[in-house]
>>> print(open('coords.csv').read())   # CSV, C-alpha atoms
chain,number,residue,atom,x,y,z
A,210,MET,CA,35.8,-23.3,53.6
A,211,PRO,CA,35.6,-20.8,56.5
A,212,LEU,CA,33.4,-22.1,59.3
A,213,CYS,CA,31.0,-19.1,58.9
A,214,SER,CA,30.4,-20.1,55.3
A,215,PHE,CA,29.8,-23.7,56.4
A,216,TYR,CA,27.2,-22.7,58.9
A,217,ALA,CA,25.6,-20.2,56.5
A,218,SER,CA,25.1,-23.1,54.1
A,219,THR,CA,22.6,-24.6,56.5
A,220,SER,CA,20.0,-22.1,55.1
A,221,LEU,CA,18.9,-21.2,58.6
A,222,PRO,CA,17.6,-17.7,59.4
A,223,VAL,CA,20.5,-15.4,60.2
A,224,ALA,CA,20.5,-14.0,63.7
A,225,LYS,CA,20.9,-10.2,63.9
A,226,PRO,CA,24.3,-9.2,65.2
A,227,HIS,CA,24.3,-8.3,68.8
A,228,SER,CA,26.4,-5.8,70.8
A,229,LEU,CA,30.0,-6.8,71.3
A,230,PRO,CA,32.1,-6.2,74.4
A,231,SER,CA,34.4,-3.1,74.4
A,232,SER,CA,37.4,-5.1,73.4
A,233,ALA,CA,35.7,-6.2,70.2
A,234,LYS,CA,33.9,-3.0,69.1
A,235,LEU,CA,33.1,-2.7,65.5
A,236,PRO,CA,35.1,-0.2,63.5
A,237,SER,CA,33.5,3.0,62.4
A,238,THR,CA,33.5,1.9,58.8
A,239,ALA,CA,30.9,-0.7,59.7
A,240,ALA,CA,28.2,1.9,59.8
A,241,ALA,CA,28.7,2.7,56.1
A,242,ALA,CA,29.0,-1.0,55.2
A,243,ILE,CA,25.6,-1.8,56.9
A,244,THR,CA,23.9,0.4,54.3
A,245,THR,CA,25.2,-1.8,51.4
A,246,ASN,CA,22.5,-3.8,49.6
A,247,THR,CA,22.7,-7.3,51.0
A,248,ALA,CA,19.8,-8.8,49.1
A,249,SER,CA,21.9,-10.9,46.8
A,250,MET,CA,24.5,-12.0,49.4
A,251,THR,CA,24.9,-15.2,51.4
A,252,PRO,CA,24.2,-14.9,55.1
A,253,ALA,CA,28.0,-15.1,55.8
A,254,GLU,CA,28.7,-12.3,53.4
A,255,ALA,CA,25.9,-10.1,54.8
A,256,LEU,CA,27.1,-10.5,58.3
A,257,SER,CA,30.8,-10.0,57.4
A,258,LEU,CA,29.9,-6.4,56.4
A,259,HIS,CA,29.5,-5.6,60.1
A,260,LEU,CA,33.1,-6.8,60.8
A,261,PRO,CA,35.3,-5.5,58.0
A,262,GLU,CA,38.4,-4.7,59.9
A,263,LEU,CA,38.7,-7.5,62.4
A,264,PRO,CA,41.3,-10.2,62.0
A,265,SER,CA,40.0,-13.0,59.8
A,266,ALA,CA,40.1,-15.7,62.5
A,267,MET,CA,38.1,-13.5,64.9
A,268,ARG,CA,35.7,-12.5,62.2
A,269,ASP,CA,35.1,-16.1,61.2
A,270,LYS,CA,34.5,-17.1,64.8
A,271,ILE,CA,32.0,-14.2,65.4
A,272,LEU,CA,30.1,-14.9,62.2
A,273,SER,CA,30.0,-18.6,63.0
A,274,LEU,CA,28.4,-18.0,66.4
A,275,GLU,CA,26.0,-15.3,65.1
A,276,LEU,CA,24.8,-17.7,62.4
A,277,MET,CA,24.0,-20.2,65.1
A,278,GLY,CA,22.1,-17.5,66.9
A,279,VAL,CA,24.6,-17.0,69.7
A,280,ASP,CA,25.3,-13.4,71.0
A,281,TYR,CA,29.1,-13.3,70.8
A,282,GLY,CA,29.3,-10.3,73.1
A,283,ARG,CA,27.3,-12.0,75.9
A,284,ALA,CA,29.1,-15.3,75.3
A,285,LEU,CA,32.5,-13.6,75.7
A,286,LEU,CA,31.4,-11.8,78.8
A,287,LEU,CA,30.4,-15.1,80.4
A,288,ASN,CA,33.2,-17.2,79.0
A,289,PRO,CA,36.4,-15.0,78.5
A,290,ALA,CA,38.2,-18.1,77.2
A,291,LEU,CA,36.2,-17.8,74.0
A,292,ARG,CA,38.4,-14.9,73.0
A,293,ASP,CA,41.4,-17.1,72.3
A,294,ALA,CA,39.4,-20.2,71.1
A,295,ALA,CA,40.2,-21.2,67.6
A,296,PRO,CA,37.2,-21.5,65.2
A,297,GLU,CA,38.2,-25.0,64.5
A,298,SER,CA,37.8,-26.0,68.2
A,299,ILE,CA,34.3,-24.5,68.2
A,300,HIS,CA,33.6,-26.5,65.1
A,301,ALA,CA,34.8,-29.7,66.8
A,302,VAL,CA,32.3,-29.1,69.6
A,303,VAL,CA,29.5,-28.4,67.2
A,304,THR,CA,30.3,-31.5,65.1
A,305,PHE,CA,30.4,-33.7,68.2
A,306,LEU,CA,27.1,-32.4,69.6
A,307,GLN,CA,25.5,-33.0,66.2
A,308,SER,CA,26.9,-36.5,66.2
A,309,ARG,CA,25.0,-37.0,69.5
A,310,GLY,CA,21.7,-36.1,68.0
A,311,LEU,CA,21.5,-32.3,68.5
A,312,HIS,CA,20.1,-30.3,65.6
A,313,PHE,CA,21.8,-27.2,64.3
A,314,LYS,CA,18.7,-25.2,65.5
A,315,ASP,CA,19.4,-26.3,69.1
A,316,LEU,CA,22.8,-24.8,69.3
A,317,GLY,CA,21.7,-21.2,69.8
A,318,ARG,CA,19.8,-22.3,72.9
A,319,VAL,CA,22.6,-24.6,74.2
A,320,PHE,CA,25.5,-22.1,73.7
A,321,GLY,CA,23.4,-19.1,74.7
A,322,MET,CA,22.6,-20.6,78.0
A,323,CYS,CA,26.0,-22.2,78.5
A,324,PRO,CA,28.7,-20.4,76.6
A,325,SER,CA,31.3,-22.4,78.5
A,326,VAL,CA,30.4,-25.4,76.3
A,327,LEU,CA,31.9,-23.5,73.3
A,328,THR,CA,35.4,-24.0,74.8
A,329,ALA,CA,34.8,-27.4,76.3
A,330,SER,CA,37.1,-30.4,75.5
A,331,VAL,CA,35.2,-33.0,73.6
A,332,ARG,CA,37.3,-35.8,75.1
A,333,ALA,CA,37.6,-34.6,78.7
A,334,ASP,CA,34.3,-32.7,79.2
A,335,LEU,CA,31.6,-33.7,76.7
A,336,ARG,CA,32.1,-37.4,76.1
A,337,PRO,CA,31.9,-38.2,79.9
A,338,VAL,CA,28.6,-36.3,80.1
A,339,PHE,CA,27.0,-38.5,77.4
A,340,ALA,CA,28.6,-41.6,79.0
A,341,PHE,CA,26.9,-40.6,82.3
A,342,LEU,CA,23.6,-40.2,80.6
A,343,THR,CA,23.8,-43.7,79.2
A,344,ASP,CA,25.6,-45.6,82.0
A,345,ASP,CA,24.1,-43.9,85.1
A,346,LEU,CA,20.6,-42.9,83.8
A,347,GLY,CA,20.0,-45.4,81.1
A,348,VAL,CA,19.3,-42.7,78.4
A,349,PRO,CA,19.4,-44.2,74.9
A,350,GLU,CA,21.5,-42.4,72.3
A,351,ALA,CA,18.3,-41.5,70.4
A,352,ALA,CA,17.1,-39.5,73.5
A,353,TYR,CA,20.3,-37.5,74.1
A,354,ARG,CA,18.8,-34.5,72.4
A,355,ARG,CA,15.7,-34.5,74.6
A,356,VAL,CA,17.8,-34.3,77.8
A,357,VAL,CA,20.2,-31.6,76.5
A,358,VAL,CA,17.5,-29.4,75.0
A,359,LYS,CA,15.6,-29.6,78.3
A,360,CYS,CA,18.6,-28.7,80.4
A,361,PRO,CA,21.7,-27.5,78.4
A,362,ARG,CA,23.5,-26.9,81.7
A,363,VAL,CA,24.1,-30.7,81.9
A,364,LEU,CA,26.8,-30.2,79.2
A,365,ALA,CA,28.6,-27.6,81.4
A,366,CYS,CA,28.8,-29.8,84.5
A,367,SER,CA,31.6,-32.1,85.6
A,368,VAL,CA,30.4,-35.7,85.9
A,369,ARG,CA,32.8,-36.3,88.9
A,370,ASP,CA,32.2,-33.1,90.8
A,371,GLN,CA,28.5,-32.4,90.0
A,372,LEU,CA,26.4,-34.8,88.1
A,373,ARG,CA,27.3,-38.0,89.9
A,374,PRO,CA,27.3,-36.5,93.4
A,375,ALA,CA,23.9,-35.0,92.8
A,376,LEU,CA,22.5,-38.3,91.5
A,377,ILE,CA,23.9,-40.2,94.5
A,378,TYR,CA,22.3,-37.7,96.8
A,379,LEU,CA,18.9,-37.9,95.0
A,380,ARG,CA,19.0,-41.7,95.1
A,381,ARG,CA,19.7,-41.6,98.8
A,382,LEU,CA,16.6,-39.4,99.3
A,383,GLY,CA,14.5,-42.0,97.4
A,384,PHE,CA,14.5,-40.8,93.8
A,385,ARG,CA,14.5,-44.1,91.9
A,386,ASP,CA,13.0,-43.2,88.5
A,387,ASN,CA,16.0,-42.5,86.3
A,388,ARG,CA,13.8,-41.7,83.3
A,389,ALA,CA,12.0,-39.0,85.3
A,390,LEU,CA,15.3,-37.5,86.4
A,391,ALA,CA,16.7,-37.5,82.9
A,392,PHE,CA,13.7,-36.2,81.0
A,393,GLN,CA,11.5,-34.3,83.5
A,394,ASP,CA,13.8,-33.0,86.2
A,395,PRO,CA,17.4,-32.9,84.8
A,396,ILE,CA,17.8,-29.5,86.5
A,397,LEU,CA,18.1,-31.5,89.8
A,398,LEU,CA,21.3,-33.1,88.5
A,399,VAL,CA,22.9,-29.7,87.9
A,400,SER,CA,21.9,-28.4,91.3
A,401,SER,CA,24.4,-28.2,94.1
A,402,VAL,CA,23.8,-30.6,96.9
A,403,GLU,CA,25.4,-28.3,99.5
A,404,ARG,CA,24.2,-25.0,98.3
A,405,THR,CA,20.8,-25.7,96.9
A,406,MET,CA,19.1,-29.0,97.7
A,407,ALA,CA,20.2,-29.7,101.3
A,408,PRO,CA,19.4,-26.2,102.5
A,409,LYS,CA,15.9,-26.3,101.1
A,410,LEU,CA,15.1,-29.6,102.9
A,411,GLU,CA,16.5,-28.0,106.1
A,412,TYR,CA,14.2,-25.0,105.6
A,413,LEU,CA,11.1,-27.2,105.1
A,414,ALA,CA,12.0,-29.3,108.2
A,415,GLY,CA,12.4,-26.1,110.1
A,416,LEU,CA,8.8,-25.2,109.5
A,417,GLY,CA,7.8,-27.8,112.0
A,418,MET,CA,8.0,-31.1,110.2
A,419,SER,CA,10.4,-34.0,110.3
A,420,ARG,CA,13.2,-34.4,107.8
A,421,ASP,CA,11.4,-37.5,106.5
A,422,ASP,CA,8.3,-35.4,105.9
A,423,ALA,CA,10.4,-32.8,104.0
A,424,VAL,CA,11.9,-35.6,101.9
A,425,ALA,CA,8.5,-37.0,101.2
A,426,MET,CA,7.3,-33.6,99.9
A,427,ALA,CA,10.4,-33.4,97.6
A,428,LEU,CA,9.7,-36.8,96.2
A,429,ARG,CA,6.1,-35.9,95.4
A,430,CYS,CA,7.1,-32.5,94.0
A,431,PRO,CA,10.7,-32.4,92.8
A,432,ALA,CA,10.3,-28.8,91.7
A,433,LEU,CA,10.6,-27.8,95.4
A,434,PHE,CA,14.4,-28.1,95.0
A,435,THR,CA,14.3,-25.3,92.3
A,436,PHE,CA,12.6,-22.6,94.4
A,437,ASN,CA,14.3,-19.8,96.3
A,438,VAL,CA,13.8,-19.8,100.0
A,439,GLU,CA,13.6,-16.0,100.5
A,440,ARG,CA,11.5,-15.3,97.3
A,441,ASN,CA,9.3,-18.3,97.3
A,442,TYR,CA,9.1,-20.4,100.4
A,443,LYS,CA,9.0,-17.7,103.1
A,444,PRO,CA,6.4,-15.3,101.6
A,445,LYS,CA,4.1,-18.1,100.6
A,446,PHE,CA,4.2,-19.9,103.9
A,447,GLU,CA,3.7,-16.7,105.8
A,448,TYR,CA,0.7,-15.9,103.6
A,449,LEU,CA,-0.7,-19.4,104.3
A,450,VAL,CA,-0.3,-19.0,108.0
A,451,GLU,CA,-1.2,-15.3,108.5
A,452,GLU,CA,-3.9,-14.8,105.8
A,453,MET,CA,-5.3,-18.3,105.2
A,454,GLY,CA,-5.1,-19.8,108.6
A,455,GLY,CA,-3.2,-22.8,107.4
A,456,GLY,CA,0.0,-24.4,108.5
A,457,VAL,CA,2.6,-27.2,108.1
A,458,GLU,CA,0.0,-29.9,107.7
A,459,ASP,CA,-1.4,-28.1,104.6
A,460,VAL,CA,1.9,-28.1,102.7
A,461,LYS,CA,2.7,-31.6,103.8
A,462,ALA,CA,-0.5,-32.7,102.2
A,463,PHE,CA,-0.2,-30.5,99.2
A,464,PRO,CA,3.5,-29.6,98.5
A,465,GLN,CA,2.6,-28.3,95.1
A,466,TYR,CA,1.3,-25.2,96.9
A,467,PHE,CA,4.8,-23.7,96.6
A,468,THR,CA,4.7,-24.0,92.8
A,469,PHE,CA,1.8,-21.5,92.4
A,470,SER,CA,2.3,-17.8,92.1
A,471,LEU,CA,1.5,-15.9,95.3
A,472,GLU,CA,0.4,-12.7,93.4
A,473,LYS,CA,-1.3,-14.3,90.4
A,474,ARG,CA,-2.9,-17.4,91.9
A,475,ILE,CA,-2.8,-18.0,95.6
A,476,ALA,CA,-3.8,-14.6,97.0
A,477,PRO,CA,-6.4,-13.8,94.3
A,478,ARG,CA,-8.1,-17.3,94.6
A,479,HIS,CA,-8.0,-17.1,98.4
A,480,ARG,CA,-9.6,-13.6,98.5
A,481,ALA,CA,-12.3,-14.6,96.0
A,482,ALA,CA,-13.2,-17.7,98.0
A,483,ALA,CA,-13.2,-15.6,101.3
A,484,ASP,CA,-15.4,-12.9,99.7
A,485,ALA,CA,-17.8,-15.6,98.5
A,486,GLY,CA,-17.8,-17.2,101.9
A,487,VAL,CA,-16.7,-20.5,100.4
A,488,ASP,CA,-14.2,-22.8,102.2
A,489,LEU,CA,-12.2,-24.9,99.6
A,490,PRO,CA,-9.4,-27.4,100.1
A,491,LEU,CA,-6.1,-25.9,99.2
A,492,ALA,CA,-5.5,-28.3,96.3
A,493,ASP,CA,-9.0,-27.8,94.8
A,494,MET,CA,-8.7,-24.0,95.1
A,495,LEU,CA,-5.3,-23.8,93.3
A,496,LYS,CA,-5.4,-26.6,90.8
A,497,ALA,CA,-8.7,-25.8,89.3
A,498,THR,CA,-9.0,-23.8,86.0
A,499,ASP,CA,-10.6,-20.4,86.1
A,500,GLU,CA,-13.8,-21.8,84.9
A,501,GLU,CA,-13.8,-24.7,87.4
A,502,PHE,CA,-12.9,-22.3,90.2
A,503,SER,CA,-15.8,-20.0,89.3
A,504,GLU,CA,-18.2,-23.0,89.3
A,505,MET,CA,-16.9,-24.0,92.8
A,506,LEU,CA,-17.7,-20.6,94.1
A,507,GLU,CA,-21.1,-20.6,92.6
A,508,ARG,CA,-21.9,-24.0,94.1
A,509,GLY,CA,-20.6,-22.9,97.4
A,510,ARG,CA,-22.7,-19.8,97.4
A,511,SER,CA,-25.9,-21.7,96.7
A,512,ARG,CA,-25.5,-24.0,99.6
>>> encode(input="coords.csv", output="structure tokens")
Amino acid sequence: MPLCSFYASTSLPVAKPHSLPSSAKLPSTAAAAITTNTASMTPAEALSLHLPELPSAMRDKILSLELMGVDYGRALLLNPALRDAAPESIHAVVTFLQSRGLHFKDLGRVFGMCPSVLTASVRADLRPVFAFLTDDLGVPEAAYRRVVVKCPRVLACSVRDQLRPALIYLRRLGFRDNRALAFQDPILLVSSVERTMAPKLEYLAGLGMSRDDAVAMALRCPALFTFNVERNYKPKFEYLVEEMGGGVEDVKAFPQYFTFSLEKRIAPRHRAAADAGVDLPLADMLKATDEEFSEMLERGRSR
């Protein structure tokens, strides 16, 4: 059975075909084929009408990916090796991931975010990742899916070059909760130590605090490692200093400040409090719901 027919038998909704790269443009006859009545066709047969003149192996591969909800054109752009990948090798990856607990419906998200996984080696690339999850993080087999769906990029990372070095770095900083790293913050494991995490600690320390203080902030709010310095840290800290009259001690006490939107939360809340003549602690001002914030302003005005 062709792989596309196998995937179509899952009875999942068929993804609409997406644009293909120039090297895989659909032939002109596809336009006429699209008008054919597809009501009585299987998903694989319906999709095949869009690809009538492509070689059978390529057509089978494209249909298989589209049936999983993967944009073949985008996937090929990000992973040129996909062009020469045999449909059987893709099927081997799919079968392996399903054997590790992933559902068919998860594959569109996984391959869409990380097309390189489509051409990964099950033995050399994927098996070591799941061994890392179990041996280094203590993730039980039944929870593999939870980790991968949360952060598909974990499947595209080398254990030796990325995952284990990141884990060692985080442990040295003081991250001890393996469960939290696996299920809540797996993005930290796929973040570069040299290009991402270390520079952000250096920036925070450069604001006028010690490195230990910067590390303490990251331990309290791991999301700090995911923010861009130029687009997040700098404008928010400048606003805190220049408009709110705050400073380093404020972000040390409330590192979650950087997790709130400057345009949608920080600035509007600050202006509303200033207009009402109410002085609120940073955490109270930002963490409160809209209703709670309004009540705070009302209570402040009445004093």
>>> closest_residue(input="coords.csv", among="A:Cys360, A:Val338, A:Leu286, A:Leu471", to="A:Pro324", atoms="only C-alpha atoms")
A:Leu286
>>> atom_distance(input="coords.csv", atom1="atom CA of A:Pro296", atom2="atom CA of A:Arg309")
20.2 Å
>>> residues_around(input="coords.csv", residues="A:Thr468", least_positions_apart="4", cutoff="9 Å", atoms="all atoms listed in the file", output="list in words")
Cys430, Ala432, Leu433, Phe436, Asn441 and Pro464 of chain A
>>> atom_distance(input="coords.csv", atom1="atom CA of A:Arg283", atom2="atom CA of A:Cys366")
19.8 Å
>>> closest_residue(input="coords.csv", among="A:Pro289, A:Gly347, A:Pro361, A:Gly278", to="A:Leu335", atoms="only C-alpha atoms")
A:Pro361
>>> residues_around(input="coords.csv", residues="A:Glu439", least_positions_apart="5", cutoff="12 Å", atoms="all atoms listed in the file", output="list in words")
Pro408, Lys409, Tyr412, Pro444, Lys445, Phe446 and Glu447 of chain A
>>> atom_distance(input="coords.csv", atom1="atom CA of A:Phe313", atom2="atom CA of A:Met277")
7.4 Å
>>> decode(input="coords.csv", residues="stretch 421-451 of chain A", atoms="N, CA and C atoms", output="short mmCIF file (atom, residue, chain, number, x, y, z; two decimals), in the first residue's frame")
data_model
loop_
_atom_site.label_atom_id
_atom_site.label_comp_id
_atom_site.auth_asym_id
_atom_site.auth_seq_id
_atom_site.Cartn_x
_atom_site.Cartn_y
_atom_site.Cartn_z
N ASP A 421 25.25 36.62 40.68
CA ASP A 421 24.43 35.77 41.54
C ASP A 421 23.00 36.27 41.58
N ASP A 422 22.82 37.58 41.59
CA ASP A 422 21.46 38.14 41.58
C ASP A 422 20.77 37.83 40.25
N ALA A 423 21.53 37.91 39.16
CA ALA A 423 20.96 37.61 37.84
C ALA A 423 20.55 36.15 37.77
N VAL A 424 21.39 35.26 38.31
CA VAL A 424 21.06 33.83 38.34
C VAL A 424 19.83 33.58 39.19
N ALA A 425 19.74 34.25 40.32
CA ALA A 425 18.58 34.09 41.19
C ALA A 425 17.30 34.51 40.47
N MET A 426 17.38 35.56 39.66
CA MET A 426 16.21 35.98 38.88
C MET A 426 15.80 34.89 37.89
N ALA A 427 16.80 34.30 37.20
CA ALA A 427 16.50 33.26 36.21
C ALA A 427 15.92 32.01 36.87
N LEU A 428 16.39 31.70 38.06
CA LEU A 428 15.85 30.54 38.77
C LEU A 428 14.39 30.77 39.16
N ARG A 429 14.07 31.98 39.52
CA ARG A 429 12.68 32.31 39.88
C ARG A 429 11.80 32.42 38.66
N CYS A 430 12.39 32.86 37.53
CA CYS A 430 11.61 33.09 36.31
C CYS A 430 12.40 32.58 35.11
N PRO A 431 12.38 31.26 34.85
CA PRO A 431 13.16 30.68 33.75
C PRO A 431 12.85 31.29 32.39
N ALA A 432 11.66 31.87 32.25
CA ALA A 432 11.30 32.48 30.96
C ALA A 432 12.23 33.62 30.58
N LEU A 433 13.00 34.14 31.54
CA LEU A 433 13.94 35.22 31.23
C LEU A 433 14.94 34.79 30.15
N PHE A 434 15.23 33.50 30.08
CA PHE A 434 16.18 33.01 29.08
C PHE A 434 15.60 33.02 27.67
N THR A 435 14.30 33.21 27.55
CA THR A 435 13.66 33.13 26.24
C THR A 435 13.43 34.50 25.60
N PHE A 436 13.73 35.57 26.30
CA PHE A 436 13.43 36.91 25.80
C PHE A 436 14.61 37.53 25.07
N ASN A 437 14.30 38.34 24.07
CA ASN A 437 15.31 39.03 23.29
C ASN A 437 15.77 40.28 24.03
N VAL A 438 17.08 40.49 24.09
CA VAL A 438 17.62 41.64 24.81
C VAL A 438 17.16 42.95 24.19
N GLU A 439 17.30 43.09 22.87
CA GLU A 439 16.98 44.36 22.21
C GLU A 439 15.49 44.64 22.19
N ARG A 440 14.68 43.61 21.98
CA ARG A 440 13.23 43.83 21.84
C ARG A 440 12.49 43.74 23.15
N ASN A 441 13.07 43.13 24.16
CA ASN A 441 12.36 42.95 25.43
C ASN A 441 13.05 43.66 26.58
N TYR A 442 14.22 43.19 26.93
CA TYR A 442 14.89 43.72 28.12
C TYR A 442 15.12 45.22 28.06
N LYS A 443 15.73 45.68 26.99
CA LYS A 443 16.13 47.09 26.94
C LYS A 443 14.95 48.05 27.00
N PRO A 444 13.94 47.92 26.13
CA PRO A 444 12.83 48.87 26.19
C PRO A 444 12.06 48.82 27.50
N LYS A 445 11.92 47.63 28.07
CA LYS A 445 11.16 47.53 29.32
C LYS A 445 11.94 48.11 30.49
N PHE A 446 13.24 47.87 30.51
CA PHE A 446 14.02 48.43 31.61
C PHE A 446 14.13 49.95 31.48
N GLU A 447 14.28 50.43 30.26
CA GLU A 447 14.32 51.88 30.05
C GLU A 447 13.01 52.52 30.49
N TYR A 448 11.89 51.89 30.19
CA TYR A 448 10.60 52.43 30.61
C TYR A 448 10.50 52.43 32.13
N LEU A 449 10.96 51.35 32.75
CA LEU A 449 10.91 51.26 34.20
C LEU A 449 11.69 52.40 34.85
N VAL A 450 12.85 52.70 34.31
CA VAL A 450 13.71 53.74 34.89
C VAL A 450 13.21 55.14 34.54
N GLU A 451 12.95 55.36 33.24
CA GLU A 451 12.66 56.71 32.78
C GLU A 451 11.23 57.15 33.03
#
